[in-house]
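Here's the structure, in structure tokens; my notes come after.
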Amino acid sequence: MTEIISVRFRAGGKQYYFDPLGHKVAEGQAVIVETGKGLEYGTCVKGNTAIEDETVVQPLRPLVRLATDQDEKQVRENRRREKEAMRICQQLVERHGLEMKLVDVEYSFDGSKIIFFFTSDGRVDFRALVKDLAGILRARIELRQIGVRDEARMLGGFGICGKPFCCAQFLGEFQPVSIKMAKTQNLSLNPTKISGTCGRLMCCLKYEQDAYEDAVKRCPRQDSFVECPDGAGTIASVNLLKEQVKVKLEDSTEQPKSYLASEIRVVRSGKGKRPEDYVAPPASELEKLRDPQAEAARTGRRLDAPADLSAALDRYLGEQPQAAEEPKKARVRSRHKNEARPAQEPAQEKPGAGRSAAKALRQAADQKEPAPAAREEKQPTAPSNGGHHRRHWRPRRRKPGDQA
């Protein structure tokens, strides 16, 4: 095991390992380290850590000292001189008529070397420019051509997601990104949708590529001929994140149905003709492909619920709406057809119904007529003025000849 500290020289730049030489360095502390270009000022992004010897590139350069106030003052002076050198170099570029775009200027810690970063579509002959810069700035001059991705890292900015550039915030190295990643992730191939501000494919396409490649191995390909619990058909679309497919059944004119990838059995992968010697298996065998968890998710039934309890719950939920609708339908029939209420519903009978029946029996006894067997009582009809009709019952005075 080797003890190291990780140092970054610019925000969002690459991290480098250095030997702490027994010093305890905290994260975020400024340090002075020895590099191939001499002494440099950097910031510790990872304190004392022990790592495997195989991950260290030898020779491991040492930590010189922790940054002091004098070092901080020197760094601020270098930043001021960088702005002045940028202005001078821009004027010289215009004077020489060079097709190049200055991006950034970097002073070494001791001020003995200046690096100018620029972008250009082709090769640039800047020998005369270097000679003029060396005569004015009195230092070693280096012009370094960079790409558009490095330009975006140095300048910084915000992406279409609304966050700062990944390359300027935490990415140490650029990962190779290809258009195949966008196809694997079923993204739109519109360049404006998958390109960053630098004009190249977005670095974030690499983040989920491994997860998509793993899902592709478990899911069938589009346009494959497959067998599913409801029959045989062709895959219309594939959802890699949910690991679901939509199958257009051969013997159905309905819309494609969704199934889990575990419920599919591939007969022919990818595009092509249906196998000539293919014979569809019986429905009982295809039903074995159905996943109980997927069926429970579609029906909303719990897997741990007893069968008799689930059946009773289904019966209750199926009968409850019908029982609630029966009284309403009976009331509608009696209102429109003037039917009498059934005898088995005494609780819903009107209070005056019993008294009317007794009155009819007394009148039949007076006239010595047989009592009516089943005289229908007609419901009062609603008045034409739209108001509510109310019946008022008053007790009849008995006459001397009436029977008790």
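Following the order of the structure tokens, chains are lettered A, B, ..., residues in each are numbered from 1, and ligands are numbered from 1.
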Residue list (strand (DSSP E or B), DSSP) for segment 190-289 of chain A, as a list in words: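 Strand (DSSP E or B) assignments inside segment 190-289 of chain A correspond to Ser195, Leu201, Phe225, Val226, Glu227, Cys228, Gly231, Ala232, Gly233, Thr234, Ile235, Ala236, Ser237, Val238, Asn239, Gln244, Val245, Lys246, Val247, Lys248, Leu249, Lys257, Ser258, Tyr259, Leu260, Arg265, Val266, Val267 and Arg268 of chain A.
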Surrounding residues of segment 235-248 of chain A excluding itself and chain neighbours under 3 positions, 7 Å, only C-alpha atoms, as a VMD selection string: chain A and resid 212 215 to 216 219 222 to 225 255 to 261
Polymer residues at most 9 Å from Arg265 of chain A, only C-alpha atoms, same-chain spacing of 3 or more positions, as a PyMOL selection string: chain A and resi 220+225-228+261-262+289
Keeping N, CA and C atoms, export the residues of the selection given above as a short mmCIF file (atom, residue, chain, number, x, y, z; two decimals), in the first residue's frame.
data_model
loop_
_atom_site.label_atom_id
_atom_site.label_comp_id
_atom_site.auth_asym_id
_atom_site.auth_seq_id
_atom_site.Cartn_x
_atom_site.Cartn_y
_atom_site.Cartn_z
N PRO A 220 -35.78 -9.03 -25.33
CA PRO A 220 -35.72 -9.43 -26.75
C PRO A 220 -35.62 -8.21 -27.65
N PHE A 225 -40.21 -12.42 -33.40
CA PHE A 225 -41.41 -13.26 -33.32
C PHE A 225 -41.32 -14.05 -32.03
N VAL A 226 -42.32 -13.86 -31.14
CA VAL A 226 -42.24 -14.42 -29.79
C VAL A 226 -43.55 -15.10 -29.43
N GLU A 227 -43.50 -15.85 -28.35
CA GLU A 227 -44.68 -16.46 -27.74
C GLU A 227 -44.90 -15.82 -26.38
N CYS A 228 -46.15 -15.48 -26.08
CA CYS A 228 -46.52 -14.84 -24.83
C CYS A 228 -47.73 -15.57 -24.25
N ALA A 261 -40.44 -8.94 -19.86
CA ALA A 261 -39.48 -9.70 -20.66
C ALA A 261 -39.40 -11.15 -20.20
N SER A 262 -39.69 -11.40 -18.90
CA SER A 262 -39.65 -12.77 -18.38
C SER A 262 -40.84 -13.60 -18.86
N LEU A 289 -46.30 -19.33 -19.06
CA LEU A 289 -45.35 -18.23 -19.17
C LEU A 289 -45.75 -17.01 -18.35
#
Residue among A:Gly122, A:Gly111, A:Gly156, A:Gly231 lying closest to Glu77 of chain A, counting only C-alpha atoms: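 Among A:Gly122, A:Gly111, A:Gly156, A:Gly231, it is A:Gly111 that comes nearest to Glu77 of chain A.
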Who sits within 10 Å of Asp110 of chain A, only C-alpha atoms, same chain under 4 positions skipped, as a list in words: Gly38, Leu39, Glu40, Tyr41, Asp71, Gln74, Val75 and Asn78 of chain A
Atoms kept (C-alpha atoms) for selection, written as a PDB file, in the first residue's frame:
ATOM      1  CA  GLY A  38       8.666  22.937 -11.730  1.00  0.00           C
ATOM      2  CA  LEU A  39       6.888  24.034  -8.576  1.00  0.00           C
ATOM      3  CA  GLU A  40       3.137  24.399  -8.895  1.00  0.00           C
ATOM      4  CA  TYR A  41       0.311  25.613  -6.684  1.00  0.00           C
ATOM      5  CA  ASP A  71       2.335  31.776  -1.859  1.00  0.00           C
ATOM      6  CA  GLN A  74       2.089  35.107  -5.593  1.00  0.00           C
ATOM      7  CA  VAL A  75      -0.897  33.233  -7.061  1.00  0.00           C
ATOM      8  CA  ASN A  78      -0.086  35.591 -11.471  1.00  0.00           C
TER       9      ASN A  78
END
Shell around Lys37 of chain A at 10 Å using only C-alpha atoms, local window under 2 positions removed, as a list in words: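 These residues fall inside the cut-off: Glu34, Thr35, Leu39, Glu40, Ser108, Phe109 and Lys113 of chain A.
Nearest-residue note for Val93 of chain A: choosing from A:Val177, A:Ala139, A:Val130, A:Ile115, the minimum distance belongs to A:Val130, counting only C-alpha atoms.
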d(atom CA of Glu151 of chain A, atom CA of Ala30 of chain A) in Å: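 Those two atoms sit 25.3 Å apart.
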Closest of A:Leu201, A:Leu317, A:Met1, A:Met86 to Asp104 of chain A - atom-to-atom distances counting only C-alpha atoms: A:Met86
Close residues, Phe165 of chain A itself excluded, 12 Å, only C-alpha atoms, min 2 positions apart in chain, as a ChimeraX atom specification: /A:11-12,149-163,167-171,196-198,202-204
Could you take the residues named above and write them with N, CA and C atoms, as a PDB file, in the first residue's frame?
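File written: again-v4.pdb
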ATOM      1  N   ALA A  11      -9.921  24.187 -11.394  1.00  0.00           N
ATOM      2  CA  ALA A  11     -11.264  23.706 -11.083  1.00  0.00           C
ATOM      3  C   ALA A  11     -11.770  22.825 -12.219  1.00  0.00           C
ATOM      4  N   GLY A  12     -12.188  21.612 -11.875  1.00  0.00           N
ATOM      5  CA  GLY A  12     -12.660  20.687 -12.878  1.00  0.00           C
ATOM      6  C   GLY A  12     -11.571  19.970 -13.630  1.00  0.00           C
ATOM      7  N   ARG A 149     -14.010  20.487 -26.618  1.00  0.00           N
ATOM      8  CA  ARG A 149     -14.412  19.976 -25.303  1.00  0.00           C
ATOM      9  C   ARG A 149     -13.547  20.574 -24.199  1.00  0.00           C
ATOM     10  N   ASP A 150     -12.239  20.691 -24.464  1.00  0.00           N
ATOM     11  CA  ASP A 150     -11.358  21.340 -23.484  1.00  0.00           C
ATOM     12  C   ASP A 150     -11.693  22.830 -23.354  1.00  0.00           C
ATOM     13  N   GLU A 151     -12.122  23.440 -24.451  1.00  0.00           N
ATOM     14  CA  GLU A 151     -12.529  24.849 -24.380  1.00  0.00           C
ATOM     15  C   GLU A 151     -13.737  25.018 -23.468  1.00  0.00           C
ATOM     16  N   ALA A 152     -14.715  24.129 -23.603  1.00  0.00           N
ATOM     17  CA  ALA A 152     -15.890  24.215 -22.727  1.00  0.00           C
ATOM     18  C   ALA A 152     -15.515  23.998 -21.270  1.00  0.00           C
ATOM     19  N   ARG A 153     -14.556  23.102 -21.005  1.00  0.00           N
ATOM     20  CA  ARG A 153     -14.125  22.880 -19.624  1.00  0.00           C
ATOM     21  C   ARG A 153     -13.472  24.126 -19.038  1.00  0.00           C
ATOM     22  N   MET A 154     -12.625  24.810 -19.827  1.00  0.00           N
ATOM     23  CA  MET A 154     -11.923  25.992 -19.312  1.00  0.00           C
ATOM     24  C   MET A 154     -12.853  27.177 -19.123  1.00  0.00           C
ATOM     25  N   LEU A 155     -13.752  27.384 -20.086  1.00  0.00           N
ATOM     26  CA  LEU A 155     -14.638  28.552 -19.993  1.00  0.00           C
ATOM     27  C   LEU A 155     -15.801  28.322 -19.031  1.00  0.00           C
ATOM     28  N   GLY A 156     -16.279  27.065 -18.925  1.00  0.00           N
ATOM     29  CA  GLY A 156     -17.412  26.783 -18.043  1.00  0.00           C
ATOM     30  C   GLY A 156     -18.727  27.254 -18.649  1.00  0.00           C
ATOM     31  N   GLY A 157     -19.799  26.982 -17.927  1.00  0.00           N
ATOM     32  CA  GLY A 157     -21.133  27.371 -18.384  1.00  0.00           C
ATOM     33  C   GLY A 157     -22.182  26.420 -17.847  1.00  0.00           C
ATOM     34  N   PHE A 158     -23.377  26.515 -18.405  1.00  0.00           N
ATOM     35  CA  PHE A 158     -24.505  25.696 -17.973  1.00  0.00           C
ATOM     36  C   PHE A 158     -25.031  24.900 -19.160  1.00  0.00           C
ATOM     37  N   GLY A 159     -25.357  23.632 -18.900  1.00  0.00           N
ATOM     38  CA  GLY A 159     -25.891  22.770 -19.930  1.00  0.00           C
ATOM     39  C   GLY A 159     -27.394  22.900 -20.067  1.00  0.00           C
ATOM     40  N   ILE A 160     -27.983  22.111 -20.977  1.00  0.00           N
ATOM     41  CA  ILE A 160     -29.425  22.168 -21.194  1.00  0.00           C
ATOM     42  C   ILE A 160     -30.193  21.620 -19.997  1.00  0.00           C
ATOM     43  N   CYS A 161     -29.516  20.886 -19.093  1.00  0.00           N
ATOM     44  CA  CYS A 161     -30.165  20.392 -17.881  1.00  0.00           C
ATOM     45  C   CYS A 161     -30.281  21.469 -16.813  1.00  0.00           C
ATOM     46  N   GLY A 162     -29.635  22.617 -17.029  1.00  0.00           N
ATOM     47  CA  GLY A 162     -29.687  23.699 -16.053  1.00  0.00           C
ATOM     48  C   GLY A 162     -28.583  23.655 -15.023  1.00  0.00           C
ATOM     49  N   LYS A 163     -27.676  22.684 -15.105  1.00  0.00           N
ATOM     50  CA  LYS A 163     -26.579  22.563 -14.148  1.00  0.00           C
ATOM     51  C   LYS A 163     -25.258  22.908 -14.830  1.00  0.00           C
ATOM     52  N   CYS A 167     -17.866  18.560 -17.212  1.00  0.00           N
ATOM     53  CA  CYS A 167     -16.422  18.592 -17.434  1.00  0.00           C
ATOM     54  C   CYS A 167     -15.746  19.681 -16.608  1.00  0.00           C
ATOM     55  N   ALA A 168     -16.454  20.772 -16.327  1.00  0.00           N
ATOM     56  CA  ALA A 168     -15.879  21.860 -15.549  1.00  0.00           C
ATOM     57  C   ALA A 168     -16.125  21.708 -14.060  1.00  0.00           C
ATOM     58  N   GLN A 169     -16.944  20.689 -13.680  1.00  0.00           N
ATOM     59  CA  GLN A 169     -17.307  20.561 -12.282  1.00  0.00           C
ATOM     60  C   GLN A 169     -16.631  19.377 -11.600  1.00  0.00           C
ATOM     61  N   PHE A 170     -16.700  18.173 -12.194  1.00  0.00           N
ATOM     62  CA  PHE A 170     -16.155  17.004 -11.503  1.00  0.00           C
ATOM     63  C   PHE A 170     -15.472  16.001 -12.422  1.00  0.00           C
ATOM     64  N   LEU A 171     -15.655  16.060 -13.733  1.00  0.00           N
ATOM     65  CA  LEU A 171     -15.043  15.078 -14.611  1.00  0.00           C
ATOM     66  C   LEU A 171     -13.538  15.324 -14.719  1.00  0.00           C
ATOM     67  N   GLY A 196     -23.941  18.731 -26.617  1.00  0.00           N
ATOM     68  CA  GLY A 196     -23.721  19.735 -25.596  1.00  0.00           C
ATOM     69  C   GLY A 196     -23.409  21.095 -26.187  1.00  0.00           C
ATOM     70  N   THR A 197     -23.054  22.028 -25.317  1.00  0.00           N
ATOM     71  CA  THR A 197     -22.734  23.375 -25.767  1.00  0.00           C
ATOM     72  C   THR A 197     -21.481  23.388 -26.630  1.00  0.00           C
ATOM     73  N   CYS A 198     -20.587  22.428 -26.403  1.00  0.00           N
ATOM     74  CA  CYS A 198     -19.358  22.369 -27.192  1.00  0.00           C
ATOM     75  C   CYS A 198     -19.598  21.868 -28.607  1.00  0.00           C
ATOM     76  N   MET A 202     -23.119  14.712 -25.725  1.00  0.00           N
ATOM     77  CA  MET A 202     -23.080  15.008 -24.298  1.00  0.00           C
ATOM     78  C   MET A 202     -22.343  13.909 -23.529  1.00  0.00           C
ATOM     79  N   CYS A 203     -21.540  14.318 -22.564  1.00  0.00           N
ATOM     80  CA  CYS A 203     -20.783  13.356 -21.753  1.00  0.00           C
ATOM     81  C   CYS A 203     -21.696  12.480 -20.905  1.00  0.00           C
ATOM     82  N   CYS A 204     -22.880  12.968 -20.562  1.00  0.00           N
ATOM     83  CA  CYS A 204     -23.773  12.219 -19.684  1.00  0.00           C
ATOM     84  C   CYS A 204     -24.378  10.992 -20.373  1.00  0.00           C
TER      85      CYS A 204
END
Pairwise distance for atom CA of Cys166 of chain A and atom CA of Glu84 of chain A, rounded to one decimal in Å: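 We find that atom CA of Cys166 of chain A and atom CA of Glu84 of chain A lie 29.1 Å from each other.
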Atom CA of Asp277 of chain A to atom CA of Ile264 of chain A, straight-line distance in Å: 19.9 Å
For Ala50 of chain A, the nearest of the candidates A:Glu287, A:Glu263, A:Glu3, A:Glu254, counting only C-alpha atoms: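 The shortest atom-to-atom distance to Ala50 of chain A comes from A:Glu3.
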Long-range neighbours of Val57 of chain A as a list in words, 10 Å cut-off, only C-alpha atoms, 3 positions minimum in chain: Tyr16, Tyr17, Asp53, Glu54, Leu60 and Arg61 of chain A
Got time to write the residues from that selection, N, CA and C atoms, as a PDB file, in the first residue's frame?
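Result file follows (part_39.pdb):
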ATOM      1  N   TYR A  16      -4.105  14.521  -9.662  1.00  0.00           N
ATOM      2  CA  TYR A  16      -2.784  13.889  -9.712  1.00  0.00           C
ATOM      3  C   TYR A  16      -2.393  13.448  -8.305  1.00  0.00           C
ATOM      4  N   TYR A  17      -1.673  12.330  -8.244  1.00  0.00           N
ATOM      5  CA  TYR A  17      -1.226  11.785  -6.971  1.00  0.00           C
ATOM      6  C   TYR A  17       0.171  12.295  -6.647  1.00  0.00           C
ATOM      7  N   ASP A  53      -0.477  -0.449  -4.724  1.00  0.00           N
ATOM      8  CA  ASP A  53       0.735  -0.032  -5.430  1.00  0.00           C
ATOM      9  C   ASP A  53       0.554  -0.054  -6.941  1.00  0.00           C
ATOM     10  N   GLU A  54      -0.350  -0.940  -7.436  1.00  0.00           N
ATOM     11  CA  GLU A  54      -0.520  -1.061  -8.888  1.00  0.00           C
ATOM     12  C   GLU A  54      -1.166   0.170  -9.507  1.00  0.00           C
ATOM     13  N   LEU A  60       6.592   8.680  -8.005  1.00  0.00           N
ATOM     14  CA  LEU A  60       5.591   9.529  -7.362  1.00  0.00           C
ATOM     15  C   LEU A  60       6.278  10.793  -6.875  1.00  0.00           C
ATOM     16  N   ARG A  61       5.883  11.922  -7.406  1.00  0.00           N
ATOM     17  CA  ARG A  61       6.524  13.191  -7.056  1.00  0.00           C
ATOM     18  C   ARG A  61       6.089  13.632  -5.660  1.00  0.00           C
TER      19      ARG A  61
END
Counting only C-alpha atoms, the option among A:Asp230, A:Glu27, A:Glu106, A:Glu208 closest to Ala182 of chain A: A:Glu208
